[in-house]
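K.L.:
File entry-v3.csv follows (CSV, C-alpha atoms):
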```
chain,number,residue,atom,x,y,z
A,1,MET,CA,6.5,4.1,13.1
A,2,ILE,CA,4.3,4.2,10.0
A,3,HIS,CA,5.3,0.8,8.6
A,4,GLN,CA,3.0,-0.4,5.8
A,5,MET,CA,2.6,-1.3,2.2
A,6,ALA,CA,2.6,1.5,-0.4
A,7,LYS,CA,-0.5,3.5,-1.3
A,8,VAL,CA,-2.5,3.0,1.9
A,9,ALA,CA,-2.7,6.7,2.9
A,10,SER,CA,0.7,6.5,4.7
A,11,ARG,CA,1.3,10.2,4.5
A,12,SER,CA,-1.8,11.1,6.4
A,13,TRP,CA,-0.6,9.0,9.3
A,14,VAL,CA,2.9,10.4,9.1
A,15,GLU,CA,1.5,13.9,9.5
A,16,ALA,CA,-0.7,12.8,12.4
A,17,ALA,CA,2.2,11.1,14.1
A,18,LYS,CA,4.4,14.2,13.7
A,19,LEU,CA,1.9,16.1,15.9
A,20,ALA,CA,2.5,13.6,18.7
A,21,ALA,CA,6.3,13.0,18.4
A,22,PRO,CA,7.6,16.3,19.9
A,23,THR,CA,5.4,16.1,23.0
A,24,GLU,CA,6.3,12.4,23.5
A,25,GLY,CA,10.0,12.9,22.8
A,26,SER,CA,9.7,10.2,20.1
A,27,LEU,CA,10.6,10.0,16.4
A,28,ALA,CA,8.1,9.5,13.5
A,29,ILE,CA,9.5,7.0,11.0
A,30,HIS,CA,7.8,6.0,7.7
A,31,CYS,CA,8.8,3.1,5.5
A,32,HIS,CA,7.4,0.4,3.3
A,33,TYR,CA,10.3,-2.2,3.4
A,34,ALA,CA,12.4,-2.3,6.5
A,35,VAL,CA,13.2,-6.0,6.6
A,36,PRO,CA,16.7,-6.5,5.1
A,37,CYS,CA,15.9,-9.5,2.8
A,38,HIS,CA,13.2,-7.5,1.0
A,39,ARG,CA,15.4,-4.5,0.5
A,40,GLU,CA,18.1,-6.8,-0.8
A,41,ARG,CA,15.7,-8.3,-3.3
A,42,ILE,CA,14.7,-4.8,-4.6
A,43,GLU,CA,18.4,-3.8,-4.7
A,44,VAL,CA,19.2,-6.7,-7.0
A,45,VAL,CA,16.5,-5.7,-9.5
A,46,PHE,CA,17.7,-2.1,-9.5
A,47,GLY,CA,21.1,-3.5,-10.4
A,48,TRP,CA,19.9,-5.2,-13.6
A,49,PRO,CA,21.6,-4.4,-16.9
A,50,ALA,CA,20.8,-1.1,-18.7
A,51,ALA,CA,18.6,-2.9,-21.3
A,52,ARG,CA,16.2,-3.9,-18.5
A,53,GLN,CA,16.1,-0.5,-16.7
A,54,THR,CA,12.8,1.1,-17.6
A,55,ILE,CA,12.3,3.5,-14.6
A,56,ALA,CA,13.1,7.0,-15.8
A,57,ASN,CA,13.6,8.7,-12.4
A,58,MET,CA,15.3,6.4,-9.8
A,59,TYR,CA,15.4,8.9,-6.9
A,60,LEU,CA,12.1,7.8,-5.3
A,61,PRO,CA,12.5,4.1,-6.0
A,62,ARG,CA,16.0,4.2,-4.4
A,63,ASN,CA,14.5,6.1,-1.5
A,64,ILE,CA,12.5,3.0,-0.6
A,65,LEU,CA,15.8,1.4,0.2
A,66,ARG,CA,17.3,4.4,2.0
A,67,VAL,CA,14.4,5.0,4.3
A,68,GLY,CA,13.9,1.2,4.9
A,69,ALA,CA,17.5,0.8,6.0
A,70,SER,CA,17.2,3.8,8.3
A,71,ALA,CA,14.0,2.4,9.8
A,72,TRP,CA,15.6,-1.0,10.4
A,73,GLU,CA,18.5,0.8,12.2
A,74,GLN,CA,15.9,2.7,14.4
A,75,ILE,CA,14.1,-0.6,15.2
A,76,GLU,CA,17.3,-2.3,16.2
A,77,SER,CA,18.4,0.8,18.2
A,78,ALA,CA,15.0,0.8,20.1
A,79,ARG,CA,15.4,-2.9,20.9
A,80,ARG,CA,18.9,-2.3,22.3
A,81,ARG,CA,17.5,0.5,24.5
A,82,GLN,CA,14.5,-1.6,25.4
A,83,GLU,CA,12.1,1.1,24.2
A,84,ARG,CA,8.6,0.3,23.1
A,85,ILE,CA,7.8,0.8,19.4
A,86,GLN,CA,4.5,2.1,18.3
A,87,VAL,CA,3.6,0.8,14.8
A,88,VAL,CA,0.8,2.0,12.5
A,89,SER,CA,0.0,-0.2,9.5
A,90,GLY,CA,-2.8,-0.2,7.0
A,91,MET,CA,-4.9,-2.3,4.6
A,92,ARG,CA,-6.8,-1.3,1.5
A,93,ASP,CA,-9.0,-2.8,-1.2
A,94,PRO,CA,-6.2,-4.4,-3.4
A,95,VAL,CA,-7.7,-3.3,-6.7
A,96,ALA,CA,-8.2,0.3,-5.7
A,97,ARG,CA,-4.7,0.3,-4.3
A,98,SER,CA,-3.2,-1.0,-7.6
A,99,ILE,CA,-4.8,1.8,-9.5
A,100,SER,CA,-3.2,4.3,-7.1
A,101,LEU,CA,0.1,2.5,-7.6
A,102,ILE,CA,0.3,2.6,-11.4
A,103,VAL,CA,-0.8,6.3,-11.5
A,104,PHE,CA,1.6,7.3,-8.8
A,105,MET,CA,4.5,5.4,-10.5
A,106,SER,CA,3.6,7.0,-13.9
A,107,ASP,CA,3.6,10.4,-12.2
A,108,PHE,CA,6.8,10.2,-10.2
A,109,TYR,CA,8.9,7.4,-11.5
A,110,GLY,CA,8.0,7.4,-15.2
A,111,HIS,CA,8.7,4.8,-17.9
A,112,VAL,CA,11.6,5.3,-20.3
A,113,SER,CA,9.7,4.2,-23.4
A,114,ARG,CA,6.0,3.4,-22.7
A,115,PRO,CA,3.4,6.1,-22.3
A,116,LEU,CA,3.5,5.9,-18.5
A,117,SER,CA,5.3,9.0,-17.5
A,118,PRO,CA,4.5,12.7,-16.7
A,119,ARG,CA,5.9,13.8,-20.0
A,120,ALA,CA,3.8,11.4,-22.1
A,121,VAL,CA,0.2,11.7,-23.2
A,122,VAL,CA,-1.2,9.0,-21.0
A,123,SER,CA,-4.6,7.5,-22.0
A,124,PRO,CA,-6.8,5.9,-19.4
A,125,GLU,CA,-7.3,2.9,-21.8
A,126,TYR,CA,-3.6,2.3,-21.9
A,127,VAL,CA,-3.3,2.4,-18.1
A,128,VAL,CA,-6.2,0.0,-17.8
A,129,GLY,CA,-4.7,-2.5,-20.2
A,130,SER,CA,-1.3,-2.2,-18.5
A,131,LEU,CA,-2.8,-2.8,-15.1
A,132,GLN,CA,-4.8,-5.7,-16.2
A,133,GLU,CA,-1.7,-7.3,-17.6
A,134,ASN,CA,0.1,-6.6,-14.3
A,135,TRP,CA,-2.6,-8.3,-12.3
A,136,ARG,CA,-2.3,-11.4,-14.6
A,137,LEU,CA,1.4,-11.6,-13.8
A,138,VAL,CA,0.7,-11.1,-10.1
A,139,LEU,CA,-1.9,-13.8,-9.9
A,140,GLU,CA,0.3,-16.2,-12.0
A,141,ARG,CA,3.3,-15.3,-9.8
A,142,ARG,CA,5.4,-14.5,-13.0
A,143,GLU,CA,8.0,-11.8,-12.5
A,144,PRO,CA,8.4,-9.2,-15.2
A,145,GLY,CA,11.9,-8.7,-16.6
A,146,GLN,CA,12.1,-4.9,-16.6
A,147,THR,CA,12.4,-2.6,-13.6
A,148,PHE,CA,9.3,-0.4,-13.9
A,149,GLU,CA,7.1,-3.5,-14.6
A,150,TRP,CA,8.8,-5.5,-11.9
A,151,LEU,CA,8.4,-2.8,-9.2
A,152,LEU,CA,4.7,-2.4,-10.1
A,153,TRP,CA,4.3,-6.1,-9.9
A,154,TYR,CA,6.1,-6.4,-6.6
A,155,LEU,CA,4.3,-3.6,-4.9
A,156,THR,CA,0.9,-4.8,-6.2
A,157,ASP,CA,1.7,-8.3,-4.9
A,158,GLY,CA,2.2,-6.9,-1.4
A,159,PHE,CA,-1.5,-7.1,-0.8
A,160,ARG,CA,-1.2,-10.8,0.0
A,161,ASN,CA,2.3,-11.1,1.5
A,162,TRP,CA,3.3,-7.8,3.0
A,163,PHE,CA,1.8,-8.4,6.5
A,164,ALA,CA,3.5,-11.8,6.9
A,165,GLY,CA,6.8,-10.8,5.2
A,166,GLU,CA,7.3,-7.3,6.6
A,167,LEU,CA,5.2,-6.7,9.8
A,168,GLY,CA,5.4,-10.4,10.8
A,169,ALA,CA,9.2,-10.7,10.1
A,170,ALA,CA,9.9,-7.4,11.9
A,171,PHE,CA,7.8,-7.7,15.0
A,172,GLY,CA,6.9,-11.4,15.2
A,173,VAL,CA,3.2,-11.1,14.7
A,174,ASP,CA,0.6,-12.9,12.6
A,175,VAL,CA,-2.3,-10.6,11.7
A,176,LEU,CA,-4.5,-13.6,10.9
A,177,GLN,CA,-4.2,-14.8,14.5
A,178,GLY,CA,-5.8,-11.6,15.7
A,179,GLU,CA,-9.2,-10.0,14.9
A,180,PHE,CA,-10.1,-6.8,13.1
A,181,GLN,CA,-12.5,-5.1,15.3
A,182,VAL,CA,-15.2,-3.6,13.0
A,183,GLN,CA,-16.9,-1.5,15.7
A,184,GLU,CA,-13.6,0.1,16.6
A,185,ALA,CA,-12.3,0.1,12.9
A,186,VAL,CA,-8.9,-1.2,14.0
A,187,GLN,CA,-6.9,-4.3,14.8
A,188,ARG,CA,-4.7,-3.9,17.8
A,189,MET,CA,-1.7,-6.2,18.6
A,190,ARG,CA,0.9,-6.2,21.3
A,191,THR,CA,4.2,-7.9,21.6
A,192,PRO,CA,6.9,-7.5,24.3
A,193,GLU,CA,8.5,-4.7,22.2
A,194,ALA,CA,5.7,-3.2,20.1
A,195,ASP,CA,2.2,-1.8,20.2
A,196,ILE,CA,0.6,-2.2,16.7
A,197,LEU,CA,-2.5,-0.5,15.2
A,198,ILE,CA,-3.8,-1.7,11.9
A,199,TYR,CA,-6.5,0.3,10.0
A,200,ARG,CA,-8.4,0.1,6.7
A,201,VAL,CA,-8.1,3.0,4.2
A,202,GLU,CA,-11.8,2.8,3.5
A,203,ASP,CA,-12.6,3.8,7.1
A,204,MET,CA,-10.6,7.1,6.6
A,205,LEU,CA,-13.3,8.4,4.3
A,206,PRO,CA,-15.4,11.0,6.3
A,207,GLU,CA,-18.6,9.3,5.1
A,208,ALA,CA,-17.6,5.8,6.2
A,209,PRO,CA,-19.2,4.3,9.3
A,210,GLY,CA,-15.8,3.5,10.6
A,211,TYR,CA,-14.5,7.1,10.4
A,212,ALA,CA,-15.4,8.3,13.8
A,213,PRO,CA,-14.2,5.2,15.7
A,214,LEU,CA,-11.0,5.1,13.7
A,215,LEU,CA,-10.3,8.8,14.4
A,216,ALA,CA,-10.9,8.1,18.2
A,217,GLN,CA,-8.6,5.1,18.1
A,218,ALA,CA,-5.9,7.1,16.3
A,219,ASN,CA,-6.1,9.9,18.9
A,220,THR,CA,-5.8,7.4,21.7
A,221,PHE,CA,-2.9,5.6,20.1
A,222,LEU,CA,-0.9,8.6,19.0
A,223,GLY,CA,-1.9,10.9,22.0
A,224,THR,CA,-3.3,13.5,19.6
A,225,THR,CA,-6.5,15.5,19.4
A,226,LEU,CA,-7.2,15.3,15.7
A,227,THR,CA,-10.6,16.4,14.4
A,228,SER,CA,-10.0,14.8,11.0
A,229,PHE,CA,-7.3,12.9,9.2
A,230,PRO,CA,-4.8,15.0,7.3
A,231,ILE,CA,-5.2,14.8,3.5
A,232,VAL,CA,-1.7,14.4,2.0
A,233,ASN,CA,-0.5,13.0,-1.3
A,234,SER,CA,-4.0,12.2,-2.5
A,235,SER,CA,-4.4,11.5,-6.2
A,236,PHE,CA,-7.2,14.1,-6.2
A,237,GLN,CA,-4.6,16.8,-5.4
A,238,ARG,CA,-2.2,15.9,-8.2
A,239,ARG,CA,-1.9,16.8,-11.9
A,240,SER,CA,-3.0,13.2,-12.7
A,241,ARG,CA,-6.3,13.5,-10.9
A,242,GLU,CA,-8.4,13.4,-14.1
A,243,LEU,CA,-6.5,10.4,-15.3
A,244,SER,CA,-6.8,8.6,-12.0
A,245,ALA,CA,-10.6,9.3,-11.9
A,246,GLU,CA,-11.0,8.0,-15.5
A,247,VAL,CA,-9.0,4.9,-14.8
A,248,ARG,CA,-11.2,4.1,-11.8
A,249,ARG,CA,-14.2,4.5,-14.0
A,250,GLN,CA,-12.9,2.2,-16.7
A,251,PHE,CA,-10.9,-0.5,-14.9
A,252,TRP,CA,-12.3,-4.0,-14.6
A,253,LEU,CA,-11.0,-7.6,-14.1
A,254,PRO,CA,-12.5,-10.9,-15.1
A,255,THR,CA,-14.4,-12.9,-12.5
A,256,ASP,CA,-11.8,-15.6,-12.0
A,257,MET,CA,-9.1,-12.9,-11.2
A,258,LEU,CA,-11.4,-11.1,-8.8
A,259,ASP,CA,-12.2,-14.4,-7.1
A,260,ALA,CA,-8.5,-15.1,-6.7
A,261,ILE,CA,-7.7,-11.6,-5.3
A,262,TYR,CA,-10.6,-11.4,-2.9
A,263,GLY,CA,-10.2,-15.1,-1.9
A,264,GLU,CA,-6.8,-14.4,-0.3
A,265,PRO,CA,-7.0,-15.1,3.5
A,266,VAL,CA,-5.6,-11.7,4.4
A,267,VAL,CA,-8.3,-9.9,2.4
A,268,GLN,CA,-11.0,-12.0,4.0
A,269,HIS,CA,-9.5,-11.2,7.4
A,270,PHE,CA,-9.9,-7.5,7.0
A,271,TYR,CA,-13.1,-7.3,5.0
A,272,HIS,CA,-16.4,-9.1,5.7
A,273,ARG,CA,-18.4,-11.0,3.1
A,274,ASP,CA,-20.7,-8.1,2.0
A,275,GLU,CA,-17.7,-5.8,1.6
A,276,ILE,CA,-15.9,-8.3,-0.6
A,277,LEU,CA,-19.0,-8.9,-2.7
A,278,ALA,CA,-19.3,-5.1,-3.2
A,279,PHE,CA,-15.6,-4.9,-4.2
A,280,LYS,CA,-16.0,-7.7,-6.7
A,281,LYS,CA,-19.1,-6.2,-8.2
A,282,LEU,CA,-17.4,-2.8,-8.4
A,283,TRP,CA,-14.4,-4.0,-10.4
A,284,SER,CA,-16.2,-6.5,-12.6
A,285,ALA,CA,-17.2,-5.8,-16.2
A,286,ARG,CA,-20.9,-5.4,-15.2
A,287,GLY,CA,-19.8,-3.0,-12.4
A,288,LEU,CA,-18.7,-0.5,-15.1
A,289,LYS,CA,-22.3,0.5,-15.7
A,290,GLY,CA,-22.7,1.7,-12.1
A,291,ARG,CA,-19.6,4.1,-12.0
```
Give the structure from the file, written as structure tokens.
P.N.:
Amino acid sequence: MIHQMAKVASRSWVEAAKLAAPTEGSLAIHCHYAVPCHRERIEVVFGWPAARQTIANMYLPRNILRVGASAWEQIESARRRQERIQVVSGMRDPVARSISLIVFMSDFYGHVSRPLSPRAVVSPEYVVGSLQENWRLVLERREPGQTFEWLLWYLTDGFRNWFAGELGAAFGVDVLQGEFQVQEAVQRMRTPEADILIYRVEDMLPEAPGYAPLLAQANTFLGTTLTSFPIVNSSFQRRSRELSAEVRRQFWLPTDMLDAIYGEPVVQHFYHRDEILAFKKLWSARGLKGR
């Protein structure tokens, strides 16, 4: 089961898991929100009045609910049959992840009126300003009143509450009580019903020190013989790749916002001090000169 927040290289792990599933007689499942209360919250927002509906294409947003409901049924079914569940989950630099989110949503969901859609001329400056405002709302815990804005806010906010609210609620684990093993590039957790592997997206880059140990851990966990991680649904492969790259070059946040983001316990759990300082420098105003 690939159960993780959005935009953490999920599809790469789905493709890797598919290689293992037939030989093991298992089923590869992928979802972001399986826990019923979270899907119910999203469903309420999708039911807002027409004046507040700002997502142009609702197929993929509603698919979050469909696959989540199916995944929950599969979890419950496995429990009834007393089958062990293998779970892969991931963490990523919250700011880098938020850039992927807004570009992906602009590409595939589209906004009904703002220039955040595949049919609009989207400027990097507009995306940067929109994402900066989104982060203000996230850190102030203020929910937007329109659906595109709300879903971007909700998915972005997942960096600090997804592990507790989803993984914890579904499988009874607290990631903060375990330890991320830097040398092995994973955190492993076990419960009476599940084996869990948590990785960091940054370690999936071939040049990363954690790449080789993470690949070895993935092969052991999945029972595969991968020589590299599949590259699937990367922004560098899509029509928006130039926009995505330019937003990454231009995006920045004020120091107090970066302190709040990287001061979250779950971020400090998965990244050590030097990595956090590097992230904060990268996304600061002064970091713009080095990109």
K.L.:
Under the rule that all atoms listed in the file are counted, which of A:Gln53, A:Gln177, A:Gln82, A:Gln74 is the nearest residue to Leu27 (chain A)?
P.N.:
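Once distances to Leu27 (chain A) are computed over all atoms listed in the file, the minimum belongs to A:Gln74.
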K.L.:
Give me, as JSON, numbers by chain, all polymer residues having an atom no more than 12 Å from region 28-32 of chain A, counting all atoms listed in the file and skipping those fewer than 5 positions away in the same chain.
P.N.:
{"A": [1, 2, 3, 4, 5, 6, 7, 8, 9, 10, 11, 12, 13, 14, 15, 16, 17, 18, 19, 20, 21, 22, 23, 38, 39, 42, 61, 63, 64, 65, 66, 67, 68, 69, 70, 71, 72, 73, 74, 75, 85, 86, 87, 88, 89, 90, 155, 158, 162, 163, 165, 166, 167, 170, 222]}
K.L.:
Determine, counting all atoms listed in the file, which protein, DNA and RNA residues have an atom within 10 Å of an atom of Leu282 (chain A); residues of the same chain fewer than 2 positions away are not included. Present the result as a list in words.
P.N.:
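Contacts, with the query itself left out: Val95, Arg248, Arg249, Phe251, Trp252, Leu253, Ile276, Leu277, Ala278, Phe279, Lys280, Ser284, Ala285, Arg286, Gly287, Leu288, Lys289, Gly290 and Arg291 of chain A.
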K.L.:
CA of Phe270 (chain A) and CA of Tyr33 (chain A) are how many Å apart?
P.N.:
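Separation of CA of Phe270 (chain A) and CA of Tyr33 (chain A): 21.2 Å.
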K.L.:
Taking all atoms listed in the file into account, which of A:Leu243, A:Val121, A:Met91, A:Val35 comes nearest Tyr271 (chain A)?
P.N.:
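Residue with the minimum atom-to-atom distance to Tyr271 (chain A): A:Met91.
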K.L.:
Please measure the separation of CA of Glu149 (chain A) and CA of Ala34 (chain A), giving the value in Å to one decimal.
P.N.:
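Straight-line distance from CA of Glu149 (chain A) to CA of Ala34 (chain A) works out to 21.8 Å.
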K.L.:
So which one's closest to Ser130 (chain A), A:Tyr199, A:Val247, A:Val267, A:Val173? Using only C-alpha atoms, please.
P.N.:
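Of all the options, A:Val247 lies closest to Ser130 (chain A).
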K.L.:
Taking a cut-off of 7 Å and counting all atoms listed in the file, can you build a table that, for each residue of region 175-206 of chain A near region 212-220 of chain A, reports the nearest atom pair and how far apart they are in Å (one decimal), sorted by chain then residue number, as a Markdown table?
P.N.:
```
| residue | atom | partner | partner_atom | distance |
| --- | --- | --- | --- | --- |
| A:Glu184 | CA | A:Pro213 | CA | 5.2 |
| A:Ala185 | CA | A:Leu214 | CA | 5.2 |
| A:Val186 | CA | A:Leu214 | CA | 6.6 |
| A:Asp203 | CA | A:Leu214 | CA | 6.9 |
```
K.L.:
Could you tell me, as a ChimeraX atom specification, which residues have any atom at most 10 Å from (3.2, 6.7, -9.9), counting all atoms listed in the file?
P.N.:
/A:7,99-111,116-118,152,235,240
K.L.:
Closest to Arg190 (chain A) among A:Arg62, A:Arg84, A:Arg79, A:Arg97, using all atoms listed in the file?
P.N.:
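Comparing A:Arg62, A:Arg84, A:Arg79, A:Arg97 against Arg190 (chain A), the winner is A:Arg84.
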K.L.:
For CA of Val127 (chain A) and CA of Tyr59 (chain A), quote the distance in Å rounded to one decimal.
P.N.:
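Computed distance, CA of Val127 (chain A) to CA of Tyr59 (chain A), equals 22.7 Å.
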K.L.:
Looking at A:Gln250, A:Asn134, A:Asn161, A:Thr224, which one is nearest to Ser98 (chain A), with distances taken over only C-alpha atoms?
P.N.:
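Residue with the minimum atom-to-atom distance to Ser98 (chain A): A:Asn134.
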K.L.:
Which is closest to Pro124 (chain A) among A:Glu264, A:Met257, A:Glu193, A:Ser244, if we use only C-alpha atoms?
P.N.:
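Going through A:Glu264, A:Met257, A:Glu193, A:Ser244 one by one, the smallest distance to Pro124 (chain A) is for A:Ser244.
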K.L.:
Please complete region 140-150 of chain A so it has all heavy atoms, and hand it over as a short mmCIF file (atom, residue, chain, number, x, y, z; two decimals), keeping the file's coordinate frame.
P.N.:
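New file result.cif:
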```
data_model
loop_
_atom_site.label_atom_id
_atom_site.label_comp_id
_atom_site.auth_asym_id
_atom_site.auth_seq_id
_atom_site.Cartn_x
_atom_site.Cartn_y
_atom_site.Cartn_z
N GLU A 140 -0.45 -15.03 -11.46
CA GLU A 140 0.30 -16.20 -12.00
C GLU A 140 1.67 -16.32 -11.37
O GLU A 140 2.40 -17.25 -11.67
CB GLU A 140 0.39 -16.11 -13.51
CG GLU A 140 -0.96 -16.23 -14.22
CD GLU A 140 -0.87 -15.91 -15.70
OE1 GLU A 140 0.27 -15.69 -16.20
OE2 GLU A 140 -1.93 -15.86 -16.36
N ARG A 141 2.02 -15.36 -10.53
CA ARG A 141 3.30 -15.30 -9.80
C ARG A 141 4.48 -15.34 -10.86
O ARG A 141 5.50 -16.01 -10.66
CB ARG A 141 3.45 -16.45 -8.84
CG ARG A 141 2.38 -16.41 -7.75
CD ARG A 141 2.53 -17.52 -6.73
NE ARG A 141 1.40 -17.59 -5.84
CZ ARG A 141 1.27 -16.92 -4.69
NH1 ARG A 141 2.25 -16.11 -4.30
NH2 ARG A 141 0.20 -17.05 -3.93
N ARG A 142 4.32 -14.59 -11.94
CA ARG A 142 5.40 -14.50 -13.00
C ARG A 142 6.00 -13.10 -12.90
O ARG A 142 5.34 -12.09 -13.07
CB ARG A 142 4.75 -14.69 -14.38
CG ARG A 142 4.32 -16.12 -14.65
CD ARG A 142 4.04 -16.32 -16.13
NE ARG A 142 2.84 -15.62 -16.58
CZ ARG A 142 2.82 -14.77 -17.61
NH1 ARG A 142 3.93 -14.49 -18.27
NH2 ARG A 142 1.68 -14.20 -17.97
N GLU A 143 7.28 -13.06 -12.62
CA GLU A 143 8.00 -11.80 -12.50
C GLU A 143 8.35 -11.18 -13.80
O GLU A 143 8.96 -11.84 -14.64
CB GLU A 143 9.27 -12.00 -11.64
CG GLU A 143 9.04 -12.50 -10.23
CD GLU A 143 10.30 -12.45 -9.39
OE1 GLU A 143 11.18 -11.60 -9.67
OE2 GLU A 143 10.41 -13.27 -8.46
N PRO A 144 8.02 -9.90 -14.00
CA PRO A 144 8.40 -9.20 -15.20
C PRO A 144 9.96 -9.05 -15.26
O PRO A 144 10.63 -9.11 -14.23
CB PRO A 144 7.75 -7.84 -15.11
CG PRO A 144 6.65 -8.04 -14.12
CD PRO A 144 7.15 -9.07 -13.16
N GLY A 145 10.48 -8.80 -16.45
CA GLY A 145 11.90 -8.70 -16.60
C GLY A 145 12.49 -7.33 -16.76
O GLY A 145 13.68 -7.16 -17.08
N GLN A 146 11.65 -6.27 -16.54
CA GLN A 146 12.10 -4.90 -16.60
C GLN A 146 11.74 -4.16 -15.32
O GLN A 146 10.75 -4.51 -14.68
CB GLN A 146 11.54 -4.20 -17.84
CG GLN A 146 12.01 -4.83 -19.16
CD GLN A 146 11.38 -4.19 -20.36
OE1 GLN A 146 10.17 -4.04 -20.43
NE2 GLN A 146 12.21 -3.80 -21.34
N THR A 147 12.51 -3.16 -14.97
CA THR A 147 12.40 -2.60 -13.60
C THR A 147 11.08 -1.91 -13.29
O THR A 147 10.53 -2.12 -12.20
CB THR A 147 13.58 -1.65 -13.33
OG1 THR A 147 13.63 -0.63 -14.35
CG2 THR A 147 14.90 -2.40 -13.31
N PHE A 148 10.56 -1.08 -14.18
CA PHE A 148 9.30 -0.40 -13.90
C PHE A 148 8.19 -1.47 -13.73
O PHE A 148 7.42 -1.44 -12.76
CB PHE A 148 8.91 0.54 -15.03
CG PHE A 148 7.65 1.34 -14.77
CD1 PHE A 148 7.74 2.66 -14.34
CD2 PHE A 148 6.39 0.80 -14.97
CE1 PHE A 148 6.58 3.42 -14.11
CE2 PHE A 148 5.23 1.53 -14.74
CZ PHE A 148 5.33 2.85 -14.31
N GLU A 149 8.14 -2.38 -14.67
CA GLU A 149 7.10 -3.50 -14.60
C GLU A 149 7.30 -4.33 -13.39
O GLU A 149 6.31 -4.72 -12.75
CB GLU A 149 7.21 -4.29 -15.90
CG GLU A 149 6.75 -3.57 -17.17
CD GLU A 149 7.79 -2.63 -17.78
OE1 GLU A 149 8.90 -2.46 -17.19
OE2 GLU A 149 7.51 -2.05 -18.85
N TRP A 150 8.56 -4.63 -13.05
CA TRP A 150 8.80 -5.50 -11.90
C TRP A 150 8.37 -4.81 -10.60
O TRP A 150 7.74 -5.43 -9.74
CB TRP A 150 10.28 -5.86 -11.80
CG TRP A 150 10.56 -6.83 -10.68
CD1 TRP A 150 10.54 -8.19 -10.75
CD2 TRP A 150 10.84 -6.50 -9.30
NE1 TRP A 150 10.81 -8.73 -9.50
CE2 TRP A 150 10.98 -7.71 -8.60
CE3 TRP A 150 10.98 -5.30 -8.61
CZ2 TRP A 150 11.27 -7.77 -7.24
CZ3 TRP A 150 11.24 -5.34 -7.24
CH2 TRP A 150 11.40 -6.57 -6.57
#
```
